[in-house]
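Source file: model24.cif. Holds: mmCIF, C-alpha atoms.
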data_coords
loop_
_atom_site.label_atom_id
_atom_site.label_comp_id
_atom_site.auth_asym_id
_atom_site.auth_seq_id
_atom_site.Cartn_x
_atom_site.Cartn_y
_atom_site.Cartn_z
CA MET A 19 -22.27 7.20 0.41
CA ASN A 20 -24.42 4.90 -1.72
CA SER A 21 -27.32 2.94 -0.23
CA ALA A 22 -25.55 -0.41 -0.68
CA MET A 23 -22.74 0.75 1.61
CA THR A 24 -25.04 2.28 4.22
CA SER A 25 -27.26 -0.81 4.34
CA GLY A 26 -24.21 -2.95 5.06
CA VAL A 27 -24.66 -5.04 1.92
CA THR A 28 -22.76 -4.69 -1.31
CA THR A 29 -24.12 -6.27 -4.46
CA ALA A 30 -20.83 -7.41 -5.97
CA PRO A 31 -17.54 -8.42 -4.41
CA ALA A 32 -14.49 -6.18 -4.75
CA ILE A 33 -11.76 -8.29 -6.37
CA LEU A 34 -8.20 -7.22 -5.48
CA ASP A 35 -5.04 -8.48 -7.16
CA ALA A 36 -1.76 -9.39 -5.47
CA MET A 37 -0.23 -5.95 -5.99
CA GLU A 38 -3.18 -4.27 -4.25
CA LEU A 39 -2.97 -6.80 -1.40
CA THR A 40 0.76 -6.36 -0.83
CA SER A 41 0.97 -2.58 -1.29
CA ASP A 42 -0.27 -2.04 2.28
CA PRO A 43 1.61 -4.09 4.94
CA GLU A 44 -1.36 -3.96 7.32
CA LEU A 45 -3.74 -5.23 4.63
CA GLU A 46 -1.25 -7.97 3.74
CA VAL A 47 -1.12 -9.22 7.35
CA ARG A 48 -4.91 -9.08 7.71
CA PHE A 49 -5.24 -10.91 4.36
CA ALA A 50 -3.05 -13.79 5.53
CA GLU A 51 -4.94 -14.08 8.84
CA SER A 52 -8.36 -13.92 7.16
CA ALA A 53 -7.29 -16.35 4.42
CA HIS A 54 -6.18 -18.82 7.08
CA GLN A 55 -9.54 -18.54 8.83
CA ILE A 56 -11.49 -19.12 5.60
CA LEU A 57 -9.36 -22.08 4.52
CA ALA A 58 -9.36 -23.69 7.99
CA ASP A 59 -13.14 -23.28 8.34
CA LEU A 60 -13.81 -24.69 4.88
CA VAL A 61 -11.52 -27.70 5.40
CA SER A 62 -13.11 -28.31 8.83
CA GLY A 63 -16.46 -28.43 7.03
CA GLY A 64 -15.20 -31.01 4.52
CA ALA A 65 -14.30 -28.71 1.62
CA ALA A 66 -12.07 -30.16 -1.08
CA LEU A 67 -9.06 -27.84 -0.95
CA GLY A 68 -6.22 -30.36 -0.77
CA TRP A 69 -6.05 -30.70 3.01
CA VAL A 70 -7.62 -33.40 5.17
CA GLU A 71 -7.01 -31.42 8.38
CA PRO A 72 -7.26 -27.62 8.54
CA PRO A 73 -3.96 -25.96 7.61
CA SER A 74 -1.98 -24.07 10.26
CA ARG A 75 -1.53 -20.29 10.17
CA ASP A 76 2.15 -20.79 9.30
CA GLU A 77 1.31 -23.17 6.46
CA VAL A 78 -1.16 -20.70 4.92
CA ALA A 79 1.26 -17.77 5.40
CA GLU A 80 4.04 -19.75 3.69
CA LEU A 81 1.74 -20.77 0.83
CA LEU A 82 0.61 -17.17 0.27
CA GLY A 83 4.20 -15.93 0.46
CA ASP A 84 5.20 -18.44 -2.22
CA VAL A 85 2.27 -17.39 -4.42
CA VAL A 86 3.09 -13.67 -4.02
CA SER A 87 6.73 -14.39 -4.95
CA ALA A 88 5.53 -16.26 -8.04
CA VAL A 89 3.24 -13.32 -8.92
CA GLN A 90 6.21 -10.94 -8.67
CA ALA A 91 8.17 -13.24 -11.02
CA GLY A 92 5.30 -13.29 -13.53
CA ASP A 93 4.52 -16.94 -12.81
CA ALA A 94 1.21 -16.63 -10.95
CA GLY A 95 -1.96 -14.69 -10.43
CA LEU A 96 -3.60 -14.10 -7.03
CA ARG A 97 -7.00 -12.59 -6.34
CA ALA A 98 -8.93 -11.85 -3.16
CA ALA A 99 -12.64 -11.07 -2.88
CA TYR A 100 -14.03 -8.62 -0.36
CA LEU A 101 -17.64 -7.92 0.61
CA ASP A 102 -18.16 -4.97 2.89
CA ARG A 103 -14.38 -4.73 3.45
CA ARG A 104 -14.24 -8.34 4.73
CA LEU A 105 -12.25 -11.04 2.97
CA VAL A 106 -14.71 -13.64 1.70
CA GLY A 107 -12.67 -15.51 -0.88
CA LEU A 108 -9.34 -16.08 -2.58
CA GLY A 109 -7.79 -18.06 -5.37
CA TYR A 110 -4.70 -18.25 -7.51
CA TRP A 111 -3.08 -19.83 -10.53
CA LEU A 112 0.54 -20.94 -10.84
CA ARG A 113 2.54 -21.40 -14.02
CA TYR A 114 3.84 -24.95 -14.35
CA ALA A 115 7.50 -25.27 -13.30
CA ARG A 116 8.47 -27.96 -15.84
CA PRO A 117 10.17 -26.19 -18.79
CA THR A 118 8.05 -28.00 -21.39
CA HIS A 119 4.86 -26.91 -19.58
CA ARG A 120 5.79 -23.24 -18.94
CA PRO A 121 3.20 -21.82 -21.36
CA HIS A 122 0.48 -23.28 -19.13
CA ALA A 123 -0.83 -22.75 -15.60
CA ASP A 124 -2.96 -24.51 -13.00
CA LEU A 125 -5.85 -22.79 -11.21
CA GLU A 126 -5.66 -23.65 -7.51
CA LYS A 127 -7.51 -23.24 -4.24
CA ILE A 128 -10.55 -21.19 -5.21
CA ALA A 129 -11.99 -20.76 -1.71
CA VAL A 130 -15.09 -18.81 -0.70
CA ASP A 131 -16.23 -18.31 2.89
CA ALA A 132 -19.33 -20.44 3.49
CA ALA A 133 -21.27 -17.35 4.63
CA ALA A 134 -20.73 -15.79 1.18
CA HIS A 135 -21.76 -18.80 -0.93
CA GLY A 136 -24.38 -17.98 -3.52
CA ARG A 137 -23.35 -14.32 -3.83
CA GLY A 138 -21.26 -14.59 -7.01
CA VAL A 139 -17.92 -14.50 -5.21
CA GLY A 140 -16.55 -17.72 -6.73
CA ARG A 141 -17.61 -16.63 -10.22
CA ALA A 142 -16.04 -13.17 -9.82
CA LEU A 143 -12.79 -14.61 -8.44
CA THR A 144 -12.51 -17.28 -11.14
CA ALA A 145 -13.38 -14.84 -13.94
CA ALA A 146 -10.69 -12.41 -12.71
CA LEU A 147 -8.10 -15.20 -12.52
CA ILE A 148 -9.03 -16.36 -16.04
CA ALA A 149 -8.58 -12.80 -17.33
CA ASP A 150 -5.24 -12.51 -15.53
CA ALA A 151 -4.02 -15.80 -17.02
CA ARG A 152 -5.07 -14.76 -20.53
CA GLU A 153 -3.32 -11.39 -20.10
CA ALA A 154 -0.17 -13.16 -18.84
CA GLY A 155 -0.03 -15.18 -22.07
CA ILE A 156 -1.04 -18.50 -20.55
CA GLU A 157 -2.04 -20.90 -23.34
CA VAL A 158 -3.94 -23.54 -21.35
CA LEU A 159 -5.33 -23.03 -17.85
CA THR A 160 -6.00 -26.32 -16.04
CA LEU A 161 -7.55 -27.29 -12.74
CA ASP A 162 -8.64 -30.37 -10.90
CA ALA A 163 -11.56 -30.75 -8.54
CA ARG A 164 -13.12 -33.44 -6.42
CA GLY A 165 -15.96 -35.11 -8.27
CA ASP A 166 -18.55 -34.48 -5.56
CA ASN A 167 -17.94 -30.71 -5.70
CA THR A 168 -20.84 -30.21 -8.10
CA ASN A 169 -21.23 -26.45 -7.54
CA ALA A 170 -17.59 -25.83 -8.43
CA LEU A 171 -17.74 -28.17 -11.44
CA HIS A 172 -20.82 -26.36 -12.73
CA LEU A 173 -19.13 -22.97 -12.22
CA TYR A 174 -16.03 -24.05 -14.16
CA GLN A 175 -18.11 -25.43 -17.02
CA SER A 176 -20.15 -22.22 -17.17
CA LEU A 177 -16.90 -20.24 -17.53
CA GLY A 178 -15.74 -22.31 -20.51
CA PHE A 179 -13.70 -25.08 -18.91
CA THR A 180 -14.06 -28.56 -20.40
CA GLU A 181 -13.41 -31.89 -18.73
CA TYR A 182 -10.41 -33.71 -20.17
CA GLY A 183 -10.09 -36.58 -17.72
CA ARG A 184 -11.25 -38.29 -14.58
CA LEU A 185 -9.59 -40.63 -12.12
CA THR A 186 -12.31 -42.71 -10.49
CA ASP A 187 -12.14 -43.01 -6.68
CA PHE A 188 -8.69 -41.36 -6.68
CA VAL A 189 -9.14 -38.92 -3.77
CA ALA A 190 -9.04 -40.62 -0.36
CA VAL A 191 -10.52 -38.88 2.66
CA GLY A 192 -10.55 -41.47 5.41
CA GLU A 193 -12.71 -44.32 4.16
CA HIS A 194 -14.40 -42.14 1.51
CA ARG A 195 -13.26 -42.12 -2.12
CA TYR A 196 -14.01 -39.43 -4.71
CA ASP A 197 -13.26 -38.95 -8.38
CA LYS A 198 -10.55 -36.46 -9.33
CA VAL A 199 -11.85 -34.46 -12.29
CA PHE A 200 -9.54 -32.55 -14.65
CA TYR A 201 -10.66 -29.42 -16.50
CA MET A 202 -8.96 -27.14 -19.01
CA LEU A 203 -9.56 -23.80 -20.64
CA ASP A 204 -7.60 -23.54 -23.89
CA PHE A 205 -7.00 -19.89 -24.75
CA ARG A 206 -5.38 -20.96 -28.05
CA GLN A 207 -8.84 -22.04 -29.27
CA GLN A 208 -10.38 -18.70 -28.39
CA GLY A 209 -8.39 -16.53 -30.77
#
Would you mind writing the file's structure down as structure tokens?
Amino acid sequence: MNSAMTSGVTTAPAILDAMELTSDPELEVRFAESAHQILADLVSGGAALGWVEPPSRDEVAELLGDVVSAVQAGDAGLRAAYLDRRLVGLGYWLRYARPTHRPHADLEKIAVDAAAHGRGVGRALTAALIADAREAGIEVLTLDARGDNTNALHLYQSLGFTEYGRLTDFVAVGEHRYDKVFYMLDFRQQG
């Protein structure tokens, strides 16, 4: 056993794809439970993941089931990050449903457990999802983020995304208003 495993600390996250997650029913159940905990904790802490209140277990399980079905149809990519055999992050992209937008996909819900922030998990997850989208023939990968999420915006820019729009004070969380920032990664420009 290497020293990283015996010390209890791994240097890089293990990034699993949807097929690896769903090949073992026990792992799939644990994934859904752990994903719910991460998402609920992040939303409770104010994270910008599309929910104002933490999602329920059933809501997360249904969302993940829909994403896995889309992966099986070739219309999505799903990745999960593990450190020391513990789920610490997840994210996915979905191909647009509108027929005229089918060559493109939207990167959604990149979520990293707060305890794993600063360990390269978000970068590893996002890079794997970008590679999956490119391999799937996606032409343009888009995403949107809340304007105050500066760490995420910096990460996306560092991975080649460019801002293509902004809706000022568009996101409403109680009395607070935030910009909605739109980013794209155009694989057609990358040859």
> Of the residues A:Ala36, A:Ile156, A:Leu161, A:Ala79, which is the one nearest to Leu67 (chain A), using all atoms listed in the file?
Replying inline: A:Leu161
Since I can't run it myself right now, could you work out what the PyMOL selection byres ((chain A and resi 186-201) around 8) selects here and report it as a PDB file with C-alpha atoms, in the frame of the given file?
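Output saved as result.pdb:
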ATOM      1  CA  VAL A  70      -7.620 -33.400   5.170  1.00  0.00           C
ATOM      2  CA  THR A 160      -6.000 -26.320 -16.040  1.00  0.00           C
ATOM      3  CA  LEU A 161      -7.550 -27.290 -12.740  1.00  0.00           C
ATOM      4  CA  ASP A 162      -8.640 -30.370 -10.900  1.00  0.00           C
ATOM      5  CA  ALA A 163     -11.560 -30.750  -8.540  1.00  0.00           C
ATOM      6  CA  ARG A 164     -13.120 -33.440  -6.420  1.00  0.00           C
ATOM      7  CA  GLY A 165     -15.960 -35.110  -8.270  1.00  0.00           C
ATOM      8  CA  ASP A 166     -18.550 -34.480  -5.560  1.00  0.00           C
ATOM      9  CA  TYR A 174     -16.030 -24.050 -14.160  1.00  0.00           C
ATOM     10  CA  PHE A 179     -13.700 -25.080 -18.910  1.00  0.00           C
ATOM     11  CA  THR A 180     -14.060 -28.560 -20.400  1.00  0.00           C
ATOM     12  CA  GLU A 181     -13.410 -31.890 -18.730  1.00  0.00           C
ATOM     13  CA  TYR A 182     -10.410 -33.710 -20.170  1.00  0.00           C
ATOM     14  CA  GLY A 183     -10.090 -36.580 -17.720  1.00  0.00           C
ATOM     15  CA  ARG A 184     -11.250 -38.290 -14.580  1.00  0.00           C
ATOM     16  CA  LEU A 185      -9.590 -40.630 -12.120  1.00  0.00           C
ATOM     17  CA  MET A 202      -8.960 -27.140 -19.010  1.00  0.00           C
ATOM     18  CA  LEU A 203      -9.560 -23.800 -20.640  1.00  0.00           C
TER      19      LEU A 203
END
>> Could you tell me, as a list of chain:residue names, exactly which residues end up selected when the PyMOL selection byres ((chain A and resi 123-139) around 6) is applied to this structure?
In response: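 On the file shown, the PyMOL selection byres ((chain A and resi 123-139) around 6) covers A:Ile56, A:Leu67, A:Val106, A:Gly107, A:Leu108, A:Gly109, A:Tyr110, A:Trp111, A:Leu112, A:Arg113, A:Tyr114, A:His122, A:Gly140, A:Arg141, A:Ala142, A:Leu159, A:Thr160, A:Leu161.
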>> Would you compute the distance between CA of Leu105 (chain A) and CA of Ser52 (chain A)? Give it in Å to one decimal.
In response: 6.4 Å
> Any idea what the distance is between CA of Leu96 (chain A) and CA of Asp35 (chain A)?
Replying inline: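 These atoms are spaced 5.8 Å apart.
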> Skipping near chain neighbours, those fewer than 3 positions away, what residues fall within 7 Å of Ala58 (chain A) using all atoms listed in the file, listed as a ChimeraX atom specification?
Replying inline: /A:54-55,61-62,72-73
Centre and edge lengths, as lines of an AutoDock Vina configuration file, for the axis-aligned box enclosing every listed atom of region 139-150 of chain A with 4 Å of padding on each of the six sides, in Å to one decimal?
center_x = -11.6
center_y = -15.1
center_z = -11.3
size_x = 20.7
size_y = 13.3
size_z = 20.1
> What does the distance between CA of Ala66 (chain A) and CA of Leu173 (chain A) come to in Å, to one decimal place?
Replying inline: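 Atom-to-atom, CA of Ala66 (chain A) and CA of Leu173 (chain A) are spaced 15.0 Å apart.
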>> For the provided coordinates, the residues matched by the PyMOL selection byres ((chain A and resi 89) around 12) should be stated as a ChimeraX atom specification.
In response: /A:35-37,39-40,82-88,90-97,110-113,150-151,154
>> Restricting the calculation to only C-alpha atoms: of A:Glu80, A:Pro31, A:Ala50, A:Phe205, which residue gets closest to Glu153 (chain A)?
In response: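 Closest to Glu153 (chain A), using only C-alpha atoms: A:Phe205.
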N, CA, C and O atoms for region 25-47 of chain A, written as a short mmCIF file (atom, residue, chain, number, x, y, z; two decimals), in the frame of the given file, could you do that?
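Okay, part_28.cif is ready:
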data_model
loop_
_atom_site.label_atom_id
_atom_site.label_comp_id
_atom_site.auth_asym_id
_atom_site.auth_seq_id
_atom_site.Cartn_x
_atom_site.Cartn_y
_atom_site.Cartn_z
N SER A 25 -26.44 0.30 3.87
CA SER A 25 -27.26 -0.81 4.34
C SER A 25 -26.40 -1.97 4.85
O SER A 25 -26.92 -2.91 5.42
N GLY A 26 -25.10 -1.89 4.61
CA GLY A 26 -24.21 -2.95 5.06
C GLY A 26 -24.09 -4.10 4.07
O GLY A 26 -23.47 -5.10 4.36
N VAL A 27 -24.71 -3.97 2.91
CA VAL A 27 -24.66 -5.04 1.92
C VAL A 27 -24.20 -4.48 0.58
O VAL A 27 -24.75 -3.49 0.11
N THR A 28 -23.17 -5.08 0.03
CA THR A 28 -22.76 -4.69 -1.31
C THR A 28 -23.28 -5.74 -2.27
O THR A 28 -23.45 -6.90 -1.91
N THR A 29 -23.53 -5.35 -3.49
CA THR A 29 -24.12 -6.27 -4.46
C THR A 29 -23.06 -7.14 -5.13
O THR A 29 -23.35 -8.26 -5.51
N ALA A 30 -21.87 -6.63 -5.30
CA ALA A 30 -20.83 -7.41 -5.97
C ALA A 30 -19.55 -7.35 -5.14
O ALA A 30 -19.25 -6.33 -4.52
N PRO A 31 -18.79 -8.44 -5.17
CA PRO A 31 -17.54 -8.42 -4.41
C PRO A 31 -16.50 -7.51 -5.07
O PRO A 31 -16.47 -7.36 -6.29
N ALA A 32 -15.66 -6.91 -4.25
CA ALA A 32 -14.49 -6.18 -4.75
C ALA A 32 -13.39 -7.22 -4.90
O ALA A 32 -13.09 -7.95 -3.95
N ILE A 33 -12.79 -7.29 -6.09
CA ILE A 33 -11.76 -8.29 -6.37
C ILE A 33 -10.42 -7.57 -6.47
O ILE A 33 -10.20 -6.79 -7.38
N LEU A 34 -9.52 -7.84 -5.50
CA LEU A 34 -8.20 -7.22 -5.48
C LEU A 34 -7.16 -8.19 -6.03
O LEU A 34 -7.27 -9.40 -5.84
N ASP A 35 -6.13 -7.63 -6.69
CA ASP A 35 -5.04 -8.48 -7.16
C ASP A 35 -3.90 -8.45 -6.15
O ASP A 35 -3.95 -7.76 -5.14
N ALA A 36 -2.87 -9.24 -6.42
CA ALA A 36 -1.76 -9.39 -5.47
C ALA A 36 -1.06 -8.06 -5.19
O ALA A 36 -0.65 -7.81 -4.06
N MET A 37 -0.92 -7.22 -6.20
CA MET A 37 -0.23 -5.95 -5.99
C MET A 37 -1.02 -5.05 -5.04
O MET A 37 -0.45 -4.38 -4.19
N GLU A 38 -2.35 -5.06 -5.17
CA GLU A 38 -3.18 -4.27 -4.25
C GLU A 38 -3.10 -4.83 -2.84
O GLU A 38 -3.09 -4.08 -1.87
N LEU A 39 -3.03 -6.16 -2.72
CA LEU A 39 -2.97 -6.80 -1.40
C LEU A 39 -1.65 -6.55 -0.69
O LEU A 39 -1.60 -6.44 0.53
N THR A 40 -0.57 -6.48 -1.45
CA THR A 40 0.76 -6.36 -0.83
C THR A 40 1.26 -4.92 -0.77
O THR A 40 2.31 -4.68 -0.19
N SER A 41 0.51 -3.98 -1.32
CA SER A 41 0.97 -2.58 -1.29
C SER A 41 0.82 -1.97 0.10
O SER A 41 1.48 -0.99 0.43
N ASP A 42 -0.04 -2.54 0.93
CA ASP A 42 -0.27 -2.04 2.28
C ASP A 42 0.09 -3.16 3.25
O ASP A 42 -0.61 -4.18 3.31
N PRO A 43 1.18 -3.02 4.02
CA PRO A 43 1.61 -4.09 4.94
C PRO A 43 0.52 -4.54 5.91
O PRO A 43 0.39 -5.72 6.21
N GLU A 44 -0.29 -3.60 6.39
CA GLU A 44 -1.36 -3.96 7.32
C GLU A 44 -2.41 -4.83 6.62
O GLU A 44 -2.87 -5.82 7.17
N LEU A 45 -2.78 -4.44 5.40
CA LEU A 45 -3.74 -5.23 4.63
C LEU A 45 -3.18 -6.61 4.34
O LEU A 45 -3.89 -7.61 4.44
N GLU A 46 -1.89 -6.69 4.04
CA GLU A 46 -1.25 -7.97 3.74
C GLU A 46 -1.32 -8.92 4.94
O GLU A 46 -1.65 -10.10 4.80
N VAL A 47 -1.06 -8.40 6.14
CA VAL A 47 -1.12 -9.22 7.35
C VAL A 47 -2.56 -9.66 7.61
O VAL A 47 -2.82 -10.84 7.90
#
